[in-house]
Structure formats: structure tokens, C-alpha cells
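For reference, model.cif (mmCIF, C-alpha atoms):
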data_start
#
loop_
_atom_site.label_atom_id
_atom_site.label_comp_id
_atom_site.auth_asym_id
_atom_site.auth_seq_id
_atom_site.Cartn_x
_atom_site.Cartn_y
_atom_site.Cartn_z
CA MET A 21 91.68 94.62 -86.37
CA GLU A 22 95.25 94.38 -87.68
CA PHE A 23 97.33 91.33 -86.83
CA PHE A 24 101.11 91.20 -86.65
CA ASP A 25 102.75 89.19 -89.41
CA PHE A 26 105.19 86.92 -87.60
CA ASN A 27 106.91 86.03 -90.89
CA ARG A 28 108.10 89.60 -91.39
CA ILE A 29 109.85 92.34 -89.47
CA PRO A 30 108.39 95.75 -90.42
CA ILE A 31 111.23 97.73 -92.03
CA TYR A 32 110.56 101.41 -92.79
CA ALA A 33 112.50 103.29 -95.44
CA LEU A 34 113.91 106.60 -94.17
CA ASP A 35 115.17 109.35 -96.46
CA ILE A 36 116.79 112.38 -94.80
CA SER A 37 117.61 115.60 -96.63
CA ASP A 38 118.73 119.05 -95.45
CA GLN A 39 115.24 120.40 -94.83
CA SER A 40 112.98 117.37 -94.53
CA PHE A 41 112.69 113.63 -93.93
CA LYS A 42 110.36 111.02 -95.40
CA PHE A 43 109.43 107.52 -94.29
CA LEU A 44 107.49 104.78 -96.05
CA ARG A 45 106.71 101.08 -95.78
CA LEU A 46 105.30 98.72 -98.39
CA SER A 47 103.30 95.65 -97.41
CA ASN A 48 101.69 92.57 -98.93
CA SER A 49 97.99 92.68 -99.64
CA LYS A 50 95.53 90.56 -101.55
CA GLY A 51 96.42 90.93 -105.21
CA GLY A 52 99.63 92.90 -104.83
CA ILE A 53 101.67 95.38 -102.79
CA VAL A 54 100.26 98.41 -100.99
CA VAL A 55 101.63 101.42 -99.13
CA LYS A 56 101.25 100.39 -95.50
CA ASN A 57 102.33 103.70 -93.98
CA PHE A 58 104.13 106.87 -94.97
CA GLY A 59 104.83 110.39 -93.81
CA GLU A 60 107.20 113.31 -93.87
CA GLY A 61 108.36 116.13 -91.66
CA GLY A 62 110.47 119.25 -91.65
CA ILE A 63 114.02 119.64 -90.37
CA HIS A 64 115.10 123.00 -88.98
CA LYS A 65 117.82 124.85 -90.83
CA GLY A 66 121.33 124.04 -89.60
CA ILE A 67 120.56 120.53 -88.30
CA VAL A 68 121.63 118.92 -91.60
CA GLU A 69 123.80 120.81 -94.09
CA ASN A 70 124.81 119.42 -97.49
CA GLY A 71 123.98 115.93 -96.29
CA GLU A 72 126.09 116.20 -93.12
CA ILE A 73 124.40 115.96 -89.73
CA LYS A 74 125.47 119.00 -87.71
CA ASP A 75 123.11 118.58 -84.75
CA LYS A 76 122.56 114.88 -84.05
CA ASN A 77 120.54 115.54 -80.88
CA GLY A 78 118.24 117.95 -82.71
CA LEU A 79 117.66 115.47 -85.54
CA SER A 80 117.17 112.61 -83.10
CA GLU A 81 114.47 114.51 -81.23
CA ILE A 82 112.58 115.15 -84.49
CA LEU A 83 112.79 111.53 -85.60
CA LYS A 84 112.03 110.09 -82.17
CA GLU A 85 108.57 111.64 -82.13
CA THR A 86 107.77 110.23 -85.58
CA PHE A 87 109.16 106.79 -84.71
CA GLU A 88 107.04 106.61 -81.56
CA GLU A 89 103.85 107.78 -83.29
CA ASN A 90 104.26 105.20 -86.08
CA ASN A 91 105.81 102.37 -84.03
CA ILE A 92 108.92 102.35 -86.21
CA LYS A 93 111.48 99.90 -84.84
CA PHE A 94 113.50 98.87 -87.91
CA VAL A 95 114.83 101.29 -90.52
CA ALA A 96 116.32 101.13 -94.02
CA LEU A 97 118.42 104.25 -94.40
CA SER A 98 119.53 106.15 -97.50
CA LEU A 99 122.83 108.05 -97.55
CA PRO A 100 123.27 111.50 -99.17
CA GLU A 101 124.95 111.41 -102.58
CA GLU A 102 127.07 114.50 -101.94
CA LYS A 103 128.96 112.66 -99.18
CA GLY A 104 129.82 109.65 -101.30
CA PHE A 105 132.56 108.76 -103.78
CA LEU A 106 131.94 107.00 -107.09
CA ARG A 107 134.95 105.53 -108.87
CA GLU A 108 135.60 103.23 -111.83
CA ILE A 109 138.42 100.81 -111.06
CA LYS A 110 140.20 98.05 -113.00
CA ILE A 111 141.75 95.19 -111.04
CA SER A 112 143.90 92.49 -112.66
CA GLY A 113 145.62 89.31 -111.59
CA VAL A 114 142.89 88.00 -109.26
CA ASN A 115 139.85 85.74 -109.54
CA GLU A 116 136.36 86.95 -108.66
CA GLU A 117 136.43 85.44 -105.17
CA GLU A 118 139.50 87.56 -104.40
CA LEU A 119 138.04 90.87 -105.63
CA LEU A 120 136.88 92.13 -102.25
CA ASN A 121 140.24 91.55 -100.57
CA ALA A 122 142.10 93.07 -103.52
CA LEU A 123 139.84 96.11 -103.49
CA GLU A 124 140.28 96.60 -99.74
CA PHE A 125 144.03 96.58 -100.30
CA GLN A 126 143.88 99.12 -103.17
CA ILE A 127 140.96 101.33 -102.14
CA GLU A 128 143.16 104.16 -100.86
CA GLU A 129 144.56 104.64 -104.37
CA TYR A 130 141.12 105.77 -105.54
CA ILE A 131 139.26 107.08 -102.49
CA PRO A 132 140.80 110.00 -100.50
CA LEU A 133 140.26 108.20 -97.19
CA PRO A 134 142.13 105.51 -95.23
CA ALA A 135 140.67 102.05 -95.94
CA ALA A 136 139.75 101.66 -92.27
CA ASP A 137 137.62 104.82 -92.50
CA THR A 138 135.67 103.79 -95.60
CA PHE A 139 132.50 101.81 -96.23
CA PHE A 140 132.07 100.67 -99.82
CA ASP A 141 130.38 98.26 -102.20
CA TYR A 142 131.05 97.53 -105.85
CA THR A 143 129.50 96.28 -109.08
CA VAL A 144 131.41 94.33 -111.74
CA THR A 145 130.86 96.02 -115.12
CA GLU A 146 133.25 93.97 -117.26
CA ARG A 147 135.09 90.65 -117.00
CA GLY A 148 138.21 90.36 -119.16
CA ASN A 149 140.80 87.63 -119.66
CA ASN A 150 142.86 88.81 -116.71
CA PHE A 151 140.98 91.76 -115.27
CA PHE A 152 137.73 93.04 -113.79
CA SER A 153 136.25 96.51 -114.29
CA LEU A 154 134.34 97.74 -111.25
CA VAL A 155 132.19 100.68 -110.21
CA VAL A 156 132.85 101.40 -106.55
CA ASN A 157 130.47 103.41 -104.37
CA ALA A 158 132.08 104.52 -101.10
CA PHE A 159 131.15 106.64 -98.07
CA PRO A 160 133.19 107.91 -95.14
CA LYS A 161 132.71 105.60 -92.18
CA SER A 162 132.10 108.63 -89.96
CA ILE A 163 129.10 109.73 -92.05
CA VAL A 164 127.54 106.24 -92.09
CA GLU A 165 128.04 105.74 -88.37
CA LEU A 166 126.60 109.16 -87.53
CA TYR A 167 123.39 108.46 -89.48
CA MET A 168 123.09 105.06 -87.81
CA GLU A 169 123.77 106.59 -84.40
CA VAL A 170 120.97 109.11 -84.88
CA VAL A 171 118.51 106.38 -85.89
CA ASN A 172 119.51 104.32 -82.84
CA ALA A 173 119.12 107.32 -80.53
CA SER A 174 115.67 107.89 -82.03
CA GLY A 175 114.53 104.43 -80.94
CA ALA A 176 114.99 102.29 -84.04
CA LEU A 177 117.51 99.80 -85.38
CA PRO A 178 119.12 100.55 -88.78
CA VAL A 179 119.16 97.26 -90.70
CA ILE A 180 119.83 98.44 -94.29
CA VAL A 181 122.05 101.30 -95.52
CA GLU A 182 122.52 102.31 -99.16
CA SER A 183 123.09 105.32 -101.41
CA GLU A 184 120.01 107.45 -102.12
CA LEU A 185 120.85 107.23 -105.84
CA ASP A 186 120.54 103.43 -105.79
CA SER A 187 117.21 103.81 -103.99
CA THR A 188 115.89 106.37 -106.46
CA ALA A 189 116.96 104.34 -109.49
CA ARG A 190 115.24 101.24 -108.09
CA SER A 191 111.92 103.09 -107.95
CA ILE A 192 111.88 105.08 -111.20
CA MET A 193 113.78 102.98 -113.77
CA PRO A 194 111.52 100.33 -115.35
CA LYS A 195 112.81 96.78 -115.00
CA ASP A 196 113.59 96.25 -118.69
CA PHE A 197 114.77 99.81 -119.36
CA LEU A 198 118.43 99.55 -120.49
CA LYS A 199 119.02 102.85 -122.27
CA ILE A 200 121.90 105.05 -121.15
CA THR A 201 119.92 107.28 -118.84
CA MET A 202 120.39 110.44 -116.83
CA VAL A 203 118.30 110.93 -113.72
CA VAL A 204 117.87 114.54 -112.62
CA ASP A 205 116.67 114.73 -109.03
CA TRP A 206 115.60 118.35 -108.57
CA GLY A 207 115.08 119.05 -104.91
CA LYS A 208 114.59 122.17 -102.86
CA THR A 209 118.24 122.94 -102.14
CA ARG A 210 120.14 121.06 -104.87
CA ALA A 211 119.97 119.16 -108.13
CA THR A 212 121.60 115.75 -108.41
CA PHE A 213 122.56 114.34 -111.80
CA SER A 214 123.30 110.64 -112.17
CA ILE A 215 124.00 108.51 -115.23
CA PHE A 216 123.11 104.83 -115.50
CA GLU A 217 124.40 102.43 -118.13
CA ASN A 218 122.74 99.02 -118.16
CA LYS A 219 121.08 100.20 -114.92
CA ILE A 220 124.51 100.52 -113.24
CA LEU A 221 125.37 103.90 -111.74
CA ARG A 222 128.39 105.25 -113.66
CA PHE A 223 128.50 108.96 -112.85
CA THR A 224 127.05 111.39 -110.33
CA SER A 225 127.28 115.11 -109.66
CA THR A 226 125.48 117.68 -107.53
CA ALA A 227 124.88 121.39 -108.14
CA SER A 228 123.32 123.99 -105.87
CA VAL A 229 120.54 124.77 -108.35
CA GLY A 230 117.68 123.90 -106.03
CA GLY A 231 114.04 124.57 -106.79
CA GLU A 232 113.97 126.96 -103.84
CA LEU A 233 115.78 129.47 -106.10
CA LEU A 234 112.60 129.71 -108.16
CA GLU A 235 110.59 130.76 -105.12
CA ILE A 236 113.21 133.28 -104.05
CA ALA A 237 113.33 134.79 -107.56
CA ILE A 238 109.54 135.06 -107.80
CA SER A 239 109.21 136.52 -104.31
CA LYS A 240 111.94 139.09 -104.89
CA ASN A 241 111.08 140.19 -108.43
CA LEU A 242 107.31 140.24 -108.03
CA ASN A 243 107.39 141.49 -104.45
CA VAL A 244 105.18 138.72 -103.03
CA SER A 245 105.41 136.50 -99.96
CA LYS A 246 107.11 133.10 -100.05
CA SER A 247 103.78 131.27 -99.85
CA GLU A 248 102.43 133.33 -102.76
CA ALA A 249 105.65 132.67 -104.69
CA ILE A 250 105.19 128.92 -104.24
CA LYS A 251 101.62 129.14 -105.54
CA ALA A 252 102.75 131.19 -108.53
CA LYS A 253 105.53 128.70 -109.28
CA LEU A 254 103.10 125.80 -109.30
CA LYS A 255 100.75 127.63 -111.67
CA ALA A 256 103.44 128.57 -114.19
CA ASP A 257 103.55 126.64 -117.47
CA LEU A 258 106.86 126.64 -119.35
CA ASN A 259 105.09 125.69 -122.57
CA ASP A 260 102.55 128.49 -122.42
CA LEU A 261 104.42 131.78 -122.17
CA GLN A 262 101.26 133.80 -122.70
CA SER A 263 99.61 132.46 -119.54
CA SER A 264 102.15 134.00 -117.15
CA PRO A 265 104.94 135.84 -118.99
CA GLU A 266 106.05 137.71 -115.88
CA ILE A 267 106.60 134.42 -114.02
CA PHE A 268 108.39 132.85 -116.97
CA ASN A 269 110.83 135.75 -117.26
CA VAL A 270 111.66 135.39 -113.57
CA VAL A 271 112.16 131.62 -113.48
CA LEU A 272 113.90 131.35 -116.86
CA PRO A 273 117.42 132.17 -115.49
CA VAL A 274 117.11 129.36 -112.93
CA ILE A 275 115.83 126.88 -115.53
CA SER A 276 118.61 127.96 -117.88
CA GLU A 277 121.19 127.32 -115.17
CA LEU A 278 119.78 123.83 -114.68
CA ILE A 279 119.97 123.21 -118.43
CA GLU A 280 123.58 124.40 -118.58
CA GLU A 281 124.52 121.97 -115.80
CA ILE A 282 122.87 119.13 -117.71
CA LYS A 283 124.66 120.11 -120.94
CA LYS A 284 128.04 120.06 -119.20
CA ILE A 285 127.42 116.51 -118.01
CA LEU A 286 126.14 115.38 -121.41
CA GLU A 287 129.32 116.70 -123.05
CA TYR A 288 131.53 115.16 -120.38
CA TRP A 289 129.91 111.74 -120.74
CA HIS A 290 130.25 111.80 -124.53
CA SER A 291 133.92 112.82 -124.33
CA ARG A 292 134.90 110.21 -121.71
CA SER A 293 133.07 107.27 -123.24
CA GLU A 294 135.35 104.96 -125.22
CA ASN A 295 132.60 104.32 -127.76
CA LYS A 296 131.43 107.96 -127.76
CA THR A 297 128.04 106.89 -126.46
CA LYS A 298 125.39 109.49 -125.75
CA ILE A 299 122.70 109.84 -123.12
CA GLU A 300 119.55 108.40 -124.67
CA TYR A 301 116.93 109.40 -122.11
CA ILE A 302 116.41 111.67 -119.10
CA PHE A 303 114.09 111.12 -116.15
CA ILE A 304 113.37 114.05 -113.84
CA SER A 305 112.35 113.48 -110.26
CA GLY A 306 112.26 115.37 -106.97
CA GLY A 307 109.84 117.84 -105.48
CA ASP A 308 110.48 120.60 -108.02
CA ALA A 309 110.15 118.35 -111.06
CA ASN A 310 106.42 119.16 -110.92
CA LEU A 311 106.85 122.50 -112.67
CA PHE A 312 104.29 122.51 -115.50
CA GLY A 313 105.87 121.86 -118.88
CA LEU A 314 109.35 121.24 -117.46
CA SER A 315 109.96 117.88 -119.13
CA GLU A 316 108.76 119.16 -122.52
CA TYR A 317 110.84 122.33 -122.19
CA LEU A 318 113.99 120.40 -121.26
CA SER A 319 113.44 117.93 -124.08
CA LYS A 320 113.15 120.77 -126.58
CA LYS A 321 116.27 122.55 -125.34
CA LEU A 322 118.40 119.41 -124.93
CA GLU A 323 117.06 117.51 -127.96
CA ILE A 324 116.78 114.35 -125.84
CA PRO A 325 113.59 112.59 -124.69
CA VAL A 326 112.75 113.79 -121.17
CA SER A 327 109.90 112.62 -118.98
CA LEU A 328 108.70 112.88 -115.43
CA ALA A 329 109.68 109.79 -113.47
CA ASN A 330 107.08 107.36 -112.17
CA PRO A 331 108.26 106.19 -108.72
CA TRP A 332 105.56 103.47 -108.68
CA VAL A 333 106.55 101.86 -112.00
CA ASN A 334 108.12 98.76 -110.41
CA ILE A 335 105.39 98.09 -107.83
CA GLU A 336 102.55 95.68 -108.61
CA PHE A 337 99.51 97.18 -106.90
CA PRO A 338 96.23 95.27 -106.50
CA ALA A 339 93.63 95.92 -109.17
CA LYS A 340 91.91 99.32 -108.78
CA TYR A 341 94.24 100.26 -105.89
CA LEU A 342 95.32 103.89 -105.75
CA PRO A 343 98.35 104.70 -103.57
CA PRO A 344 97.62 107.25 -100.82
CA ILE A 345 100.42 109.52 -102.09
CA LYS A 346 99.44 111.71 -105.03
CA TYR A 347 101.60 111.33 -108.13
CA LYS A 348 103.04 114.85 -107.88
CA ASP A 349 104.02 114.16 -104.27
CA SER A 350 105.43 110.72 -105.06
CA LEU A 351 108.26 112.44 -106.96
CA ARG A 352 109.52 113.67 -103.59
CA PHE A 353 109.28 110.12 -102.22
CA ALA A 354 111.22 108.42 -105.04
CA SER A 355 114.21 107.50 -102.85
CA ALA A 356 112.00 106.29 -99.98
CA ILE A 357 109.88 104.20 -102.38
CA GLY A 358 112.94 102.56 -103.95
CA LEU A 359 114.48 101.89 -100.56
CA SER A 360 111.20 100.43 -99.33
CA LEU A 361 111.17 98.08 -102.33
CA ARG A 362 114.47 96.64 -101.13
CA ALA A 363 113.31 96.56 -97.49
CA PHE A 364 110.12 94.74 -98.49
CA LYS A 365 112.18 91.88 -99.97
CA GLU A 366 114.36 91.67 -96.85
CA GLU A 367 111.56 91.79 -94.28
CA ILE A 368 110.93 88.05 -94.52
CA ILE A 369 112.28 86.11 -91.54
CA VAL A 370 114.05 82.98 -92.80
#
As C-alpha cells - that is how I would like this structure written.
Amino acid sequence: MEFFDFNRIPIYALDISDQSFKFLRLSNSKGGIVVKNFGEGGIHKGIVENGEIKDKNGLSEILKETFEENNIKFVALSLPEEKGFLREIKISGVNEEELLNALEFQIEEYIPLPAADTFFDYTVTERGNNFFSLVVNAFPKSIVELYMEVVNASGALPVIVESELDSTARSIMPKDFLKITMVVDWGKTRATFSIFENKILRFTSTASVGGELLEIAISKNLNVSKSEAIKAKLKADLNDLQSSPEIFNVVLPVISELIEEIKKILEYWHSRSENKTKIEYIFISGGDANLFGLSEYLSKKLEIPVSLANPWVNIEFPAKYLPPIKYKDSLRFASAIGLSLRAFKEEIIV
């Protein structure tokens, strides 16, 4: 029998993308933290497009069923990167206690939205004699309120809202890892590239080079069904051309496009950095990061260490505990896992 923990409110992380949603909750257990519950579901095409909810009633109906089945009443919500604004700002002539008010007054100089229509937070990256350097992460108020409205209509209360990039970084970047790092989140419909310096998000970009393009290319060029194309994609090994040369020749243009996008960002970062710093490491995450040999292939082509992310790296599991989500699937849950880490700390009722 399971007893309710009256010292905590059960907060579920919820990550919504164009074609799917994922939920997850971490919980205390003897000897560490465990995955209390998790799941995912599909979203019909047209309900969410490029991170924008087009059919709030349709999305609400999908989520409502899941919320009822899993008794989800409180939600931590991640916001889509492509709808946000990331800016580096320098403010002078104020003390740290006055930063928020000063930023509210100046925000329209940097974000193409009226201050009243913007939600934002900031991180101080440098403190000078008479100035502060900040990284500001902002979202249109309309986008935030629409996501919260859908969660409310689905029967739950949104209690935490943050950028999906912050959530992902919290799960995959080891606590003491301070290298200048790029995170490539390769999903079905898009690839998101983000750069962290001292674990602070400094740059982000999105390109429509989704892993779905691999399936389309395989299906079209080899004249097979989509399900067969997915199977073929998962069997391909980028480091063993002899095993499936016909597959490699088909997927190579898509992989090359992904590499070119990464190279553009690497060059941009090097050119903009005052100290000409370079990206020292790359983590790849997302559902299509599971392509065999991808990290080794990227590392060879980019001449930078590349590895698959480990979304569980910052969670202390009990001895001999194995999470119920397979490692290859956990790459799809990286944002939900990171968001759940934050929710876990805020569940405690003071």
C-alpha cells in the first residue's frame, strides 16, 4: 500500500513538443532518488507547431486523459526554446538590488516586445566596478499564459515554468563540468543548439534539421514504409560503412547538414568571443541522438570531443537501482528529467 507524503506536494514535470509530450516525477526512496512515474503520448499534427499551441482545446483533451489516469494535479512546465529570446545585456549605474527594476525599465531596448507583454529572468555573468553583465532569457507573455491555460484546463495547476534548455542542461551537464559546452538536442522535427559557459546559457539556435528527415530519406530512396525506414535507421552504424552502405549514402546528406549547422555556430562563437574561446565539448541528446556511431562520427568531422548525454548523471539512485526508462529512451526525456530535478527540490512543504 502506498501512503501519501504530507510533507510534499507531487509535482510532475511536463515537456510538450510539436508531436509528443512527456511527463515524469522523481521521488525519495531508501538510499536515494527513484523515478516515481513517467509516460509519454503523441500529439496530432497541427495542434502544436514550432512550439506554438494552435489548438488549445485539442491539446487539453489529450493531456486531460493522461492527468486523470496518473492523478497529476501539480505541474512543472518547460517552454519551447524557439519561442524565447536570449540576450546579453550590460547595465551600469545601479546596485544589485536595483537590477530587476532597471532591467524592467530597459527590457524593450533588447527584446522586441513591450515590457508588459514579456516574462523574463536573468543571470549575472560579470560584476564590474560600475556595471553588471547579464544573460536575459525572455518569453512572450502570451505564450507562457497559453501553456499555463492549457494545463489548467486539463485539470492541473502549473507551479513551475522554465525554458526547456535550462531543464535539459540541469539533467545532462555534470555538476562539476565547467567546460565551454555545446548541447545538440536532436529531435524529430528540429535540432536545437545551445552553448553554456560556466554552466550559464549564452547562446541558442534552432534549425529544421529534425531526425524525421532521415526516415523520409530512407523511405523515399529505398522505397520502404515509414516503419521499415525507422528500423533501418536504428540499425545503421555511421562508423561501419560496410554494414549498410545503401543506408549510409541516404542519411549522409542529412548528417552533413547537421554538421554544417554546428560548424556555423562554432565559427560564430569563436568570432564573437572577446578572448577567442572555443567550444571544448559537445553533448548530443534527443530522440535521434541514438543513431549508432553518431557521436564518434561528429567528433571526427568536427575535431571536438562529442559524447551522448547521460540524463541521469545528476541523480543519486539507490544502490543496484535501475531506472524504468531505458538509456536510449532517456535521451528523449532529458528536459523532463531536468525539470523534475527542480520540481523534486520544490515539492517540500515548508
Counting only C-alpha atoms, which residues of range 142-229 of chain A fall within 10 Å of range 27-36 of chain A, and what is the closest atom pair for each with its distance in Å at one decimal, ordered by chain and rising number, as a Markdown table?
| residue | atom | partner | partner_atom | distance |
| --- | --- | --- | --- | --- |
| A:Tyr167 | CA | A:Ile36 | CA | 9.3 |
| A:Val171 | CA | A:Leu34 | CA | 9.5 |
| A:Ala176 | CA | A:Tyr32 | CA | 9.8 |
| A:Leu177 | CA | A:Ile31 | CA | 9.4 |
| A:Pro178 | CA | A:Ile31 | CA | 9.0 |
| A:Val179 | CA | A:Ile31 | CA | 8.1 |
| A:Ile180 | CA | A:Ala33 | CA | 8.9 |
| A:Val181 | CA | A:Ala33 | CA | 9.8 |
| A:Glu184 | CA | A:Asp35 | CA | 7.7 |
| A:Ser187 | CA | A:Asp35 | CA | 9.6 |
Could you spell out the hits of the PyMOL selection byres ((chain A and resi 224) around 10) on the shown file, as number ranges by chain? A: 101-102, 104-107, 185, 202-204, 212-216, 221-223, 225-226, 285
Around the point (119.4, 113.8, -84.1), in the coordinates given by the file, pick out the residues reaching within 12 Å, counting all atoms listed in the file, and return them as a PyMOL selection string. chain A and resi 36+41+63-64+66-68+72-85+166-175
Students should find that CA of Asn150 in chain A and CA of Arg292 in chain A are spaced 23.4 Å
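Considering all atoms listed in the file, the residue among A:Ile324, A:Ile282, A:Phe151, A:Phe140 positioned nearest to Glu118 in chain A is A:Phe151.
Using all atoms listed in the file for every distance, the candidate list A:Leu233, A:Leu359, A:Val270, A:Leu254 yields A:Leu254 as the residue closest to Ala309 in chain A.
Take CA of Gln39 in chain A and CA of Ile267 in chain A: the distance between them is 25.3 Å.
Reported to one decimal place, the separation of CA of Asp38 in chain A from CA of Ala249 in chain A is 21.0 Å.
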I'd like the residues picked by the PyMOL selection byres ((chain A and resi 272) around 12) written out as a VMD selection string, using the chain letters and numbers from the file. chain A and resid 233 to 234 237 to 238 253 256 to 259 261 265 to 271 273 to 279 314 317 to 318
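Among the candidates A:Gly230, A:Pro160, A:Pro331, A:Pro343, the residue lying nearest to Pro134 in chain A is A:Pro160 (atoms considered: all atoms listed in the file).
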Taking the file as shown, find all residues satisfying the PyMOL selection byres ((chain A and resi 325) around 12) and write them as a ChimeraX atom specification. /A:199-202,299-304,315-324,326-328
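In this comparison, which uses only C-alpha atoms, the residue of A:Lys110, A:Lys56, A:Lys195, A:Lys103 approaching Thr138 in chain A most closely is A:Lys103.
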Ser37 in chain A environment, 10 Å, all atoms listed in the file, sequence neighbours closer than 5 positions dropped, as an MDAnalysis selection string: chainID A and resid 42 62:63 68:73 98:100 207:209
All heavy atoms restored at range 285-294 of chain A, emitted as a compact mmCIF listing (two decimals), in the coordinates of the input:
# COMPACT_ATOMS: atom_id res chain seq x y z
N ILE A 285 127.30 117.93 -118.31
CA ILE A 285 127.42 116.51 -118.01
C ILE A 285 127.25 115.67 -119.28
O ILE A 285 127.96 114.68 -119.48
CB ILE A 285 126.40 116.10 -116.93
CG1 ILE A 285 126.73 116.84 -115.62
CG2 ILE A 285 126.42 114.59 -116.70
CD1 ILE A 285 125.67 116.72 -114.56
N LEU A 286 126.33 116.09 -120.14
CA LEU A 286 126.14 115.38 -121.41
C LEU A 286 127.43 115.40 -122.23
O LEU A 286 127.85 114.38 -122.80
CB LEU A 286 125.01 116.03 -122.22
CG LEU A 286 123.59 115.91 -121.64
CD1 LEU A 286 122.61 116.71 -122.51
CD2 LEU A 286 123.16 114.46 -121.55
N GLU A 287 128.07 116.57 -122.29
CA GLU A 287 129.32 116.70 -123.05
C GLU A 287 130.44 115.89 -122.40
O GLU A 287 131.24 115.25 -123.09
CB GLU A 287 129.71 118.18 -123.14
CG GLU A 287 128.76 119.00 -124.01
CD GLU A 287 129.04 120.49 -123.91
OE1 GLU A 287 130.01 120.87 -123.21
OE2 GLU A 287 128.29 121.27 -124.53
N TYR A 288 130.49 115.93 -121.08
CA TYR A 288 131.53 115.16 -120.38
C TYR A 288 131.37 113.67 -120.63
O TYR A 288 132.34 112.97 -120.93
CB TYR A 288 131.46 115.44 -118.88
CG TYR A 288 132.31 114.51 -118.05
CD1 TYR A 288 133.70 114.64 -118.03
CD2 TYR A 288 131.73 113.46 -117.33
CE1 TYR A 288 134.48 113.76 -117.29
CE2 TYR A 288 132.51 112.58 -116.59
CZ TYR A 288 133.88 112.74 -116.58
OH TYR A 288 134.66 111.88 -115.86
N TRP A 289 130.14 113.17 -120.54
CA TRP A 289 129.91 111.74 -120.74
C TRP A 289 130.31 111.33 -122.15
O TRP A 289 130.95 110.30 -122.35
CB TRP A 289 128.44 111.40 -120.48
CG TRP A 289 128.13 109.96 -120.77
CD1 TRP A 289 127.59 109.44 -121.91
CD2 TRP A 289 128.41 108.84 -119.92
NE1 TRP A 289 127.48 108.08 -121.82
CE2 TRP A 289 127.98 107.69 -120.61
CE3 TRP A 289 128.95 108.71 -118.64
CZ2 TRP A 289 128.10 106.41 -120.05
CZ3 TRP A 289 129.06 107.45 -118.10
CH2 TRP A 289 128.64 106.32 -118.80
N HIS A 290 129.93 112.12 -123.13
CA HIS A 290 130.25 111.80 -124.53
C HIS A 290 131.76 111.78 -124.76
O HIS A 290 132.29 110.92 -125.46
CB HIS A 290 129.59 112.80 -125.46
CG HIS A 290 129.81 112.52 -126.91
ND1 HIS A 290 129.41 111.35 -127.52
CD2 HIS A 290 130.42 113.24 -127.89
CE1 HIS A 290 129.75 111.37 -128.80
NE2 HIS A 290 130.38 112.50 -129.05
N SER A 291 132.48 112.71 -124.13
CA SER A 291 133.92 112.82 -124.33
C SER A 291 134.69 111.70 -123.63
O SER A 291 135.74 111.27 -124.11
CB SER A 291 134.43 114.18 -123.85
OG SER A 291 134.29 114.29 -122.44
N ARG A 292 134.18 111.23 -122.50
CA ARG A 292 134.90 110.21 -121.71
C ARG A 292 134.60 108.80 -122.17
O ARG A 292 135.34 107.87 -121.90
CB ARG A 292 134.55 110.32 -120.23
CG ARG A 292 133.13 109.83 -119.91
CD ARG A 292 132.77 109.98 -118.45
NE ARG A 292 133.37 108.95 -117.64
CZ ARG A 292 132.93 107.69 -117.55
NH1 ARG A 292 131.90 107.31 -118.28
NH2 ARG A 292 133.49 106.84 -116.75
N SER A 293 133.48 108.60 -122.85
CA SER A 293 133.07 107.27 -123.24
C SER A 293 133.95 106.75 -124.37
O SER A 293 134.16 107.43 -125.38
CB SER A 293 131.61 107.28 -123.69
OG SER A 293 131.25 106.03 -124.23
N GLU A 294 134.48 105.55 -124.21
CA GLU A 294 135.35 104.96 -125.22
C GLU A 294 134.64 104.83 -126.56
O GLU A 294 135.23 104.98 -127.62
CB GLU A 294 135.84 103.58 -124.75
CG GLU A 294 136.78 103.65 -123.54
CD GLU A 294 137.23 102.27 -123.12
OE1 GLU A 294 136.82 101.28 -123.76
OE2 GLU A 294 138.00 102.16 -122.14
